Each structure stands twice: as C-alpha cells, then as structure tokens.
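Q: Have a peek at data.pdb (PDB, C-alpha atoms).
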```pdb
ATOM      1  CA  MET A 865       0.000   0.000   0.000  1.00  0.00           C
ATOM      2  CA  ARG A 866       1.032   3.629  -0.339  1.00  0.00           C
ATOM      3  CA  LEU A 867       2.320   4.830   3.016  1.00  0.00           C
ATOM      4  CA  PRO A 868       1.044   8.196   4.287  1.00  0.00           C
ATOM      5  CA  PRO A 869       3.457  11.125   4.145  1.00  0.00           C
ATOM      6  CA  ASP A 870       5.565  11.460   7.263  1.00  0.00           C
ATOM      7  CA  PRO A 871       7.623  14.661   7.463  1.00  0.00           C
ATOM      8  CA  ILE A 872       9.716  13.427  10.410  1.00  0.00           C
ATOM      9  CA  ARG A 873      10.677  10.019   9.043  1.00  0.00           C
ATOM     10  CA  THR A 874      14.436   9.610   9.353  1.00  0.00           C
ATOM     11  CA  TRP A 875      16.965   6.800   9.202  1.00  0.00           C
ATOM     12  CA  ASN A 876      19.454   8.106  11.772  1.00  0.00           C
ATOM     13  CA  MET A 877      17.491   8.318  15.003  1.00  0.00           C
ATOM     14  CA  THR A 878      16.081   6.001  17.659  1.00  0.00           C
ATOM     15  CA  ARG A 879      12.381   6.477  18.288  1.00  0.00           C
ATOM     16  CA  HIS A 880      10.962   5.851  21.774  1.00  0.00           C
ATOM     17  CA  VAL A 881       7.965   3.494  21.733  1.00  0.00           C
ATOM     18  CA  ALA A 882       6.004   3.834  24.989  1.00  0.00           C
ATOM     19  CA  ILE A 883       3.374   1.185  25.706  1.00  0.00           C
ATOM     20  CA  TYR A 884       0.944   2.105  28.473  1.00  0.00           C
ATOM     21  CA  ILE A 885       0.077  -0.912  30.639  1.00  0.00           C
ATOM     22  CA  PHE A 886      -2.773  -1.234  33.120  1.00  0.00           C
ATOM     23  CA  PRO A 887      -4.702  -3.845  35.148  1.00  0.00           C
ATOM     24  CA  ASP A 888      -6.784  -6.266  33.064  1.00  0.00           C
ATOM     25  CA  MET A 889      -5.116  -5.292  29.791  1.00  0.00           C
ATOM     26  CA  GLU A 890      -5.091  -7.951  27.077  1.00  0.00           C
ATOM     27  CA  VAL A 891      -1.686  -9.649  27.071  1.00  0.00           C
ATOM     28  CA  LEU A 892      -1.148  -9.835  23.310  1.00  0.00           C
ATOM     29  CA  ASP A 893      -2.361  -6.248  22.896  1.00  0.00           C
ATOM     30  CA  PHE A 894       0.827  -4.985  24.524  1.00  0.00           C
ATOM     31  CA  ALA A 895       3.158  -7.961  24.042  1.00  0.00           C
ATOM     32  CA  GLY A 896       2.537  -8.234  20.293  1.00  0.00           C
ATOM     33  CA  PRO A 897       3.566  -4.636  19.517  1.00  0.00           C
ATOM     34  CA  PHE A 898       6.438  -4.903  22.037  1.00  0.00           C
ATOM     35  CA  GLU A 899       7.734  -7.917  20.114  1.00  0.00           C
ATOM     36  CA  VAL A 900       7.343  -6.200  16.728  1.00  0.00           C
ATOM     37  CA  PHE A 901       9.254  -3.037  17.598  1.00  0.00           C
ATOM     38  CA  SER A 902      11.966  -4.801  19.596  1.00  0.00           C
ATOM     39  CA  THR A 903      12.434  -7.394  16.856  1.00  0.00           C
ATOM     40  CA  ALA A 904      12.610  -4.639  14.240  1.00  0.00           C
ATOM     41  CA  SER A 905      15.482  -3.047  16.149  1.00  0.00           C
ATOM     42  CA  ARG A 906      17.257  -6.392  16.544  1.00  0.00           C
ATOM     43  CA  VAL A 907      16.940  -7.151  12.828  1.00  0.00           C
ATOM     44  CA  SER A 908      18.012  -3.630  11.886  1.00  0.00           C
ATOM     45  CA  GLY A 909      21.043  -3.874  14.169  1.00  0.00           C
ATOM     46  CA  ARG A 910      22.185  -7.028  12.406  1.00  0.00           C
ATOM     47  CA  ARG A 911      21.699  -5.560   8.940  1.00  0.00           C
ATOM     48  CA  ASN A 912      22.937  -2.023   9.574  1.00  0.00           C
ATOM     49  CA  PRO A 913      25.232  -2.041  12.615  1.00  0.00           C
ATOM     50  CA  GLU A 914      26.459   1.461  11.753  1.00  0.00           C
ATOM     51  CA  ARG A 915      22.991   2.984  12.166  1.00  0.00           C
ATOM     52  CA  PRO A 916      21.192   3.771  15.437  1.00  0.00           C
ATOM     53  CA  LEU A 917      18.535   1.216  16.324  1.00  0.00           C
ATOM     54  CA  PRO A 918      15.183   2.465  14.958  1.00  0.00           C
ATOM     55  CA  PHE A 919      13.129   1.797  18.104  1.00  0.00           C
ATOM     56  CA  GLU A 920      13.581   1.683  21.859  1.00  0.00           C
ATOM     57  CA  VAL A 921      10.546   0.024  23.426  1.00  0.00           C
ATOM     58  CA  PHE A 922       9.443   0.355  27.039  1.00  0.00           C
ATOM     59  CA  THR A 923       6.354   0.072  29.200  1.00  0.00           C
ATOM     60  CA  VAL A 924       4.823   2.799  31.333  1.00  0.00           C
ATOM     61  CA  ALA A 925       2.208   2.589  34.095  1.00  0.00           C
ATOM     62  CA  GLN A 926       0.751   4.719  36.842  1.00  0.00           C
ATOM     63  CA  SER A 927       3.213   3.365  39.384  1.00  0.00           C
ATOM     64  CA  THR A 928       6.157   0.997  39.626  1.00  0.00           C
ATOM     65  CA  GLU A 929       3.978  -1.724  41.149  1.00  0.00           C
ATOM     66  CA  PRO A 930       3.489  -4.910  39.101  1.00  0.00           C
ATOM     67  CA  VAL A 931       0.565  -4.694  36.691  1.00  0.00           C
ATOM     68  CA  LEU A 932      -1.750  -7.717  36.636  1.00  0.00           C
ATOM     69  CA  ALA A 933      -2.866  -8.342  33.071  1.00  0.00           C
ATOM     70  CA  ARG A 934      -5.750 -10.544  32.015  1.00  0.00           C
ATOM     71  CA  ALA A 935      -5.346 -14.212  32.971  1.00  0.00           C
ATOM     72  CA  GLY A 936      -2.960 -13.257  35.769  1.00  0.00           C
ATOM     73  CA  LEU A 937       0.254 -12.308  33.968  1.00  0.00           C
ATOM     74  CA  ARG A 938       2.308  -9.907  36.134  1.00  0.00           C
ATOM     75  CA  VAL A 939       4.248  -7.217  34.295  1.00  0.00           C
ATOM     76  CA  LEU A 940       6.808  -4.844  35.817  1.00  0.00           C
ATOM     77  CA  PRO A 941       6.595  -1.397  34.197  1.00  0.00           C
ATOM     78  CA  ASP A 942       9.768   0.361  33.092  1.00  0.00           C
ATOM     79  CA  HIS A 943       8.519   3.885  33.843  1.00  0.00           C
ATOM     80  CA  THR A 944       5.758   5.743  35.628  1.00  0.00           C
ATOM     81  CA  LEU A 945       3.700   8.459  33.969  1.00  0.00           C
ATOM     82  CA  ALA A 946       5.942  11.023  35.683  1.00  0.00           C
ATOM     83  CA  SER A 947       9.265   9.442  34.667  1.00  0.00           C
ATOM     84  CA  CYS A 948       8.373   8.335  31.129  1.00  0.00           C
ATOM     85  CA  PRO A 949      10.593   9.753  28.355  1.00  0.00           C
ATOM     86  CA  GLN A 950       8.717  11.596  25.629  1.00  0.00           C
ATOM     87  CA  PRO A 951       7.356   8.936  23.263  1.00  0.00           C
ATOM     88  CA  GLY A 952       7.881   9.098  19.542  1.00  0.00           C
ATOM     89  CA  ILE A 953       5.214   6.404  19.294  1.00  0.00           C
ATOM     90  CA  LEU A 954       2.634   6.082  22.066  1.00  0.00           C
ATOM     91  CA  LEU A 955       0.687   2.830  22.097  1.00  0.00           C
ATOM     92  CA  ILE A 956      -2.416   2.088  24.171  1.00  0.00           C
ATOM     93  CA  PRO A 957      -3.482  -1.576  24.380  1.00  0.00           C
ATOM     94  CA  GLY A 958      -6.969  -2.789  25.103  1.00  0.00           C
ATOM     95  CA  GLY A 959      -8.594  -5.182  27.516  1.00  0.00           C
ATOM     96  CA  VAL A 960     -10.966  -4.154  30.291  1.00  0.00           C
ATOM     97  CA  VAL A 961     -10.667  -0.375  29.979  1.00  0.00           C
ATOM     98  CA  ALA A 962     -13.607   0.861  32.084  1.00  0.00           C
ATOM     99  CA  ALA A 963     -11.410   1.802  35.050  1.00  0.00           C
ATOM    100  CA  GLU A 964      -8.899   3.630  32.813  1.00  0.00           C
ATOM    101  CA  LEU A 965     -11.667   5.731  31.284  1.00  0.00           C
ATOM    102  CA  GLY A 966     -12.402   7.089  34.762  1.00  0.00           C
ATOM    103  CA  LYS A 967      -8.838   8.209  35.506  1.00  0.00           C
ATOM    104  CA  PRO A 968      -8.312  11.895  34.605  1.00  0.00           C
ATOM    105  CA  GLU A 969      -4.601  11.639  35.344  1.00  0.00           C
ATOM    106  CA  VAL A 970      -4.197   8.876  32.750  1.00  0.00           C
ATOM    107  CA  LEU A 971      -6.281  10.673  30.123  1.00  0.00           C
ATOM    108  CA  ASP A 972      -4.376  13.913  30.720  1.00  0.00           C
ATOM    109  CA  TRP A 973      -1.071  12.082  30.329  1.00  0.00           C
ATOM    110  CA  VAL A 974      -2.225  10.499  27.067  1.00  0.00           C
ATOM    111  CA  VAL A 975      -3.190  13.930  25.735  1.00  0.00           C
ATOM    112  CA  GLN A 976       0.101  15.533  26.783  1.00  0.00           C
ATOM    113  CA  ALA A 977       2.288  12.670  25.526  1.00  0.00           C
ATOM    114  CA  SER A 978       0.458  12.547  22.206  1.00  0.00           C
ATOM    115  CA  ARG A 979       1.125  16.218  21.452  1.00  0.00           C
ATOM    116  CA  LEU A 980       4.814  15.609  20.736  1.00  0.00           C
ATOM    117  CA  ALA A 981       4.513  11.993  19.590  1.00  0.00           C
ATOM    118  CA  ALA A 982       4.724  11.247  15.883  1.00  0.00           C
ATOM    119  CA  VAL A 983       1.928   8.691  16.288  1.00  0.00           C
ATOM    120  CA  THR A 984      -0.504   7.703  19.013  1.00  0.00           C
ATOM    121  CA  ALA A 985      -1.886   4.220  18.400  1.00  0.00           C
ATOM    122  CA  SER A 986      -4.404   1.887  19.985  1.00  0.00           C
ATOM    123  CA  VAL A 987      -5.004  -1.840  19.913  1.00  0.00           C
ATOM    124  CA  CYS A 988      -8.471  -3.313  20.378  1.00  0.00           C
ATOM    125  CA  THR A 989     -10.465  -1.453  23.079  1.00  0.00           C
ATOM    126  CA  GLY A 990      -7.562   0.914  23.632  1.00  0.00           C
ATOM    127  CA  ALA A 991      -9.506   2.992  21.090  1.00  0.00           C
ATOM    128  CA  PHE A 992     -11.956   3.853  23.882  1.00  0.00           C
ATOM    129  CA  ILE A 993      -9.110   5.484  25.835  1.00  0.00           C
ATOM    130  CA  LEU A 994      -8.044   7.502  22.803  1.00  0.00           C
ATOM    131  CA  ALA A 995     -11.638   8.523  22.175  1.00  0.00           C
ATOM    132  CA  LYS A 996     -12.183   9.513  25.806  1.00  0.00           C
ATOM    133  CA  ALA A 997      -9.021  11.629  25.614  1.00  0.00           C
ATOM    134  CA  GLY A 998     -10.486  13.410  22.579  1.00  0.00           C
ATOM    135  CA  LEU A 999      -7.893  12.104  20.126  1.00  0.00           C
ATOM    136  CA  LEU A1000     -10.401  10.400  17.820  1.00  0.00           C
ATOM    137  CA  ALA A1001     -12.922  13.239  17.529  1.00  0.00           C
ATOM    138  CA  GLY A1002     -13.716  13.838  13.861  1.00  0.00           C
ATOM    139  CA  ARG A1003     -11.523  10.903  12.805  1.00  0.00           C
ATOM    140  CA  THR A1004     -12.081   7.379  11.580  1.00  0.00           C
ATOM    141  CA  ALA A1005     -11.078   4.497  13.846  1.00  0.00           C
ATOM    142  CA  THR A1006     -11.623   0.828  14.524  1.00  0.00           C
ATOM    143  CA  THR A1007     -11.591  -1.573  17.465  1.00  0.00           C
ATOM    144  CA  HIS A1008     -12.356  -5.214  18.274  1.00  0.00           C
ATOM    145  CA  TRP A1009     -15.343  -6.443  16.251  1.00  0.00           C
ATOM    146  CA  GLU A1010     -17.269  -7.139  19.458  1.00  0.00           C
ATOM    147  CA  ASP A1011     -16.944  -3.507  20.581  1.00  0.00           C
ATOM    148  CA  LEU A1012     -17.652  -1.585  17.373  1.00  0.00           C
ATOM    149  CA  ALA A1013     -21.259  -0.775  18.279  1.00  0.00           C
ATOM    150  CA  ASP A1014     -20.319   0.352  21.793  1.00  0.00           C
ATOM    151  CA  LEU A1015     -17.597   2.657  20.431  1.00  0.00           C
ATOM    152  CA  ARG A1016     -20.096   4.216  18.004  1.00  0.00           C
ATOM    153  CA  LEU A1017     -22.658   4.678  20.766  1.00  0.00           C
ATOM    154  CA  ALA A1018     -20.268   6.130  23.328  1.00  0.00           C
ATOM    155  CA  PHE A1019     -18.428   8.431  20.902  1.00  0.00           C
ATOM    156  CA  PRO A1020     -20.723   9.565  18.071  1.00  0.00           C
ATOM    157  CA  ASP A1021     -18.082  12.056  16.872  1.00  0.00           C
ATOM    158  CA  VAL A1022     -15.876   9.117  15.797  1.00  0.00           C
ATOM    159  CA  GLU A1023     -16.461   7.383  12.460  1.00  0.00           C
ATOM    160  CA  VAL A1024     -16.079   3.736  13.469  1.00  0.00           C
ATOM    161  CA  ILE A1025     -15.079   1.387  10.657  1.00  0.00           C
ATOM    162  CA  ALA A1026     -15.618  -2.377  10.628  1.00  0.00           C
ATOM    163  CA  GLY A1027     -13.678  -4.966   8.683  1.00  0.00           C
ATOM    164  CA  ARG A1028     -10.274  -3.272   8.817  1.00  0.00           C
ATOM    165  CA  ARG A1029      -7.147  -4.564  10.560  1.00  0.00           C
ATOM    166  CA  TRP A1030      -6.075  -0.995  11.249  1.00  0.00           C
ATOM    167  CA  VAL A1031      -7.021   2.572  10.362  1.00  0.00           C
ATOM    168  CA  ASP A1032      -4.202   5.067   9.758  1.00  0.00           C
ATOM    169  CA  GLU A1033      -5.196   8.688  10.276  1.00  0.00           C
ATOM    170  CA  GLY A1034      -1.648   9.978  10.224  1.00  0.00           C
ATOM    171  CA  ALA A1035      -1.067  11.161  13.776  1.00  0.00           C
ATOM    172  CA  VAL A1036      -3.514   8.610  15.195  1.00  0.00           C
ATOM    173  CA  VAL A1037      -3.688   4.934  14.245  1.00  0.00           C
ATOM    174  CA  SER A1038      -6.125   2.365  15.634  1.00  0.00           C
ATOM    175  CA  SER A1039      -6.312  -1.379  15.144  1.00  0.00           C
ATOM    176  CA  ALA A1040      -8.895  -4.091  15.511  1.00  0.00           C
ATOM    177  CA  GLY A1041      -8.789  -6.842  18.098  1.00  0.00           C
ATOM    178  CA  ILE A1042      -5.716  -8.301  19.779  1.00  0.00           C
ATOM    179  CA  ALA A1043      -3.615  -9.901  16.992  1.00  0.00           C
ATOM    180  CA  ALA A1044      -4.408  -6.989  14.655  1.00  0.00           C
ATOM    181  CA  GLY A1045      -2.048  -4.965  16.848  1.00  0.00           C
ATOM    182  CA  ILE A1046       0.832  -6.960  15.353  1.00  0.00           C
ATOM    183  CA  ASP A1047      -0.263  -6.028  11.827  1.00  0.00           C
ATOM    184  CA  MET A1048      -0.614  -2.375  12.810  1.00  0.00           C
ATOM    185  CA  SER A1049       2.800  -2.364  14.465  1.00  0.00           C
ATOM    186  CA  LEU A1050       4.432  -3.821  11.351  1.00  0.00           C
ATOM    187  CA  HIS A1051       2.692  -1.072   9.374  1.00  0.00           C
ATOM    188  CA  LEU A1052       4.223   1.509  11.711  1.00  0.00           C
ATOM    189  CA  VAL A1053       7.663  -0.077  11.322  1.00  0.00           C
ATOM    190  CA  ALA A1054       7.219   0.383   7.566  1.00  0.00           C
ATOM    191  CA  ARG A1055       6.145   3.987   8.040  1.00  0.00           C
ATOM    192  CA  PHE A1056       9.090   4.961  10.191  1.00  0.00           C
ATOM    193  CA  ALA A1057      11.865   2.579   9.156  1.00  0.00           C
ATOM    194  CA  GLY A1058      10.922   1.269   5.732  1.00  0.00           C
ATOM    195  CA  ASP A1059       9.006  -1.576   4.128  1.00  0.00           C
ATOM    196  CA  ALA A1060      12.079  -3.797   3.860  1.00  0.00           C
ATOM    197  CA  LEU A1061      12.618  -3.774   7.617  1.00  0.00           C
ATOM    198  CA  ALA A1062       8.919  -4.420   8.259  1.00  0.00           C
ATOM    199  CA  ALA A1063       9.005  -7.431   5.922  1.00  0.00           C
ATOM    200  CA  ALA A1064      12.192  -8.740   7.537  1.00  0.00           C
ATOM    201  CA  THR A1065      10.675  -8.272  10.999  1.00  0.00           C
ATOM    202  CA  ALA A1066       7.588 -10.264  10.037  1.00  0.00           C
ATOM    203  CA  ARG A1067       9.826 -12.969   8.586  1.00  0.00           C
ATOM    204  CA  GLN A1068      11.877 -13.106  11.793  1.00  0.00           C
ATOM    205  CA  MET A1069       8.693 -13.381  13.860  1.00  0.00           C
ATOM    206  CA  ASP A1070       7.262 -15.974  11.446  1.00  0.00           C
ATOM    207  CA  VAL A1071       4.035 -14.034  11.015  1.00  0.00           C
ATOM    208  CA  PRO A1072       2.352 -12.872   7.784  1.00  0.00           C
ATOM    209  CA  TYR A1073       3.258  -9.363   6.670  1.00  0.00           C
ATOM    210  CA  VAL A1074      -0.091  -7.736   5.915  1.00  0.00           C
ATOM    211  CA  ARG A1075       0.461  -4.559   3.894  1.00  0.00           C
ATOM    212  CA  GLU A1076      -3.218  -3.741   3.329  1.00  0.00           C
ATOM    213  CA  PRO A1077      -5.492  -3.054   6.312  1.00  0.00           C
TER     214      PRO A1077
END
```
Written as structure tokens, how would this file's structure read?

A:
Amino acid sequence: MRLPPDPIRTWNMTRHVAIYIFPDMEVLDFAGPFEVFSTASRVSGRRNPERPLPFEVFTVAQSTEPVLARAGLRVLPDHTLASCPQPGILLIPGGVVAAELGKPEVLDWVVQASRLAAVTASVCTGAFILAKAGLLAGRTATTHWEDLADLRLAFPDVEVIAGRRWVDEGAVVSSAGIAAGIDMSLHLVARFAGDALAAATARQMDVPYVREP
C-alpha cells in the first residue's frame, strides 16, 4: 500500500515506543507490539550495525507496582507516567478499559504525551481510551469487532469502521482486536523505518506481513 506522508521520518534516530500498561489489559495487545518493535530493532542492528537502532521500546504505568494483566500475567513497568521519556510512538493496548476511562490523570497524560509523539496508536479497546481523551474526535477508527457498536454509541463524533485490521489517520492509528495490533505495528515499522525492515521483521517473527489493512 502507499504509506502516508511522514515529514519526520528519518533513518538516523532512535524512536521511543512507549506502551501504556494497566490492570486487566489484554496480554497480546501490549506484548505483540512490544515484540514487533523490539524485533525490528534487533533485525536492523544485524543488517545495519552502523545505524542507530530504529526503536527503543518500554512500558509505562501509573506506578512501579506490578501490573496484573488478564489471565494473571504480572508485568513490571519500566517507567511511571511522571518518569516516562517523551514517546515518539505512544501505544495504548486494550482489555478491560472501564477503570482507565475514569482516571483523569491517565487521560491527561495520554493527551500531553500525544502532542509531541509522531503517532498515538491503539489496539483493540484501547480505542476507547483515545476517544475519551479526545484524540479520535472527527476521525475514523476501529476496534475489536465485538466492541464496534459500543464505540459508536459512546463516541458519536468518531467514524467507526468495521472490517479493517487498522485505520491510519496519520497522527492517530487504531487497530482491531488483539492480533491486529501486530499487523498495525508492522505497518508503523514500515512507516518509520521502511518496508524492507517491516518485511524482515515479520519474517523473523514468522508471522504474515499484511500490507493492506
């Protein structure tokens, strides 16, 4: 597919990828993108050892306490909201997001971090957090197939699209459910580090490289 214009795409910088983690998040929603961006840097480092790694991936949470994801997986965050470096890519996973939607401090942080980020992205029901923060107003977006109607109902100013693996609105990108976050992340690798690296990353991970959403 034709990639959208990106005025800050470069080949000689490392881009911070911050993944917000929270209780009852879906494991693959955060772990899939984490694997994509970290694998992309590993593959790039092998191929182009003279260049900076394209991505530095880390997790961020409200505190340094372990985060209990769905099914009981405990995850130790790398940063708190206060200590998090400015993201170049901010990624919000999904899962059970009702509690996060009621946290003004989280929503405010998402808004502030997104202002200087090249892209703010969501996986699955993470789209509800972006919508609540006002980042999807007047835009098109998608989410897990089971939650499309609820997203439309809760946020009528968002054009919710079904049947797409991801929706790229330039500064904001959303993806469908769970495994679609891997496809979206590979798309973002292509946007910021080139199609060849995205294809090589998918090959290394032994997953299909889906170029069309």

Q: With all atoms listed in the file as the basis for distance, which of A:Val1053, A:Leu954, A:Val900, A:Leu892 is at the shortest distance from Ala935 in chain A?

A: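 Checking each candidate against Ala935 in chain A, we get A:Leu892 as the closest.
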
Q: Around (-6.1, 12.4, 26.6) in the file's own coordinates, what residues are found within 9 Å if you use only C-alpha atoms, given back as a list of chain:residue names?

A: A:Pro968, A:Glu969, A:Val970, A:Leu971, A:Asp972, A:Trp973, A:Val974, A:Val975, A:Gln976, A:Ala977, A:Ser978, A:Ile993, A:Leu994, A:Ala995, A:Lys996, A:Ala997, A:Gly998, A:Leu999

Q: So, counting only C-alpha atoms, which residue among A:Thr923, A:Ile1046, A:Ser905, A:Val983 is closest to Asp1070 in chain A?

A: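 Once distances to Asp1070 in chain A are computed over only C-alpha atoms, the minimum belongs to A:Ile1046.
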
Q: Find the distance between CA of Arg1067 in chain A and CA of Gly958 in chain A and write it in Å to one decimal.

A: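 If I compute the distance from CA of Arg1067 in chain A to CA of Gly958 in chain A, I get 25.7 Å.
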
Q: Please indicate the distance in Å from CA of Ala1018 in chain A to CA of Gly952 in chain A, rounded to one decimal place.

A: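 Atom-to-atom, CA of Ala1018 in chain A to CA of Gly952 in chain A, that is 28.6 Å.
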
Q: To one decimal place in Å, what is the distance between CA of Asp1047 in chain A and CA of Ala1060 in chain A?

A: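 Atom-to-atom, CA of Asp1047 in chain A and CA of Ala1060 in chain A are spaced 14.9 Å apart.
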
Q: With a distance cut-off of 10 Å and only C-alpha atoms, select the neighbouring residues of range 1034-1036 of chain A, excluding the residue or stretch itself and same-chain residues fewer than 2 positions from it, and output the selection as a PyMOL selection string.

A: chain A and resi 867-870+953-955+978-979+981-986+994+999-1000+1003-1005+1031-1032+1038

Q: Can you translate the PyMOL selection byres ((chain A and resi 1025) around 12) into the concrete residues it hits in this file, as a list in words?

A: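 Output of the PyMOL selection byres ((chain A and resi 1025) around 12): Ala991, Arg1003, Thr1004, Ala1005, Thr1006, Thr1007, His1008, Trp1009, Asp1011, Leu1012, Ala1013, Leu1015, Arg1016, Val1022, Glu1023, Val1024, Ala1026, Gly1027, Arg1028, Arg1029, Trp1030, Val1031, Asp1032, Ser1038, Ser1039, Ala1040 and Pro1077 of chain A.
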
Q: Exactly which residues make up the result of the PyMOL selection byres ((chain A and resi 1063) around 10) on this file, given as a PyMOL selection string?

A: chain A and resi 904+1050-1051+1053-1054+1058-1062+1064-1069+1071-1075

Q: Identify, on the basis of only C-alpha atoms, every residue whose closest approach to range 877-890 of chain A does not exceed 7 Å; exclude the query and any residue fewer than 4 positions from it along the same chain; express the result as a list of chain:residue names.

A: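 The contact residues come out as A:Phe894, A:Pro916, A:Leu917, A:Pro918, A:Phe919, A:Glu920, A:Val921, A:Phe922, A:Thr923, A:Val924, A:Ala925, A:Val931, A:Leu932, A:Ala933, A:Arg934, A:Pro951, A:Gly952, A:Ile953, A:Leu954, A:Leu955, A:Ile956, A:Pro957, A:Gly958, A:Gly959, A:Val960.
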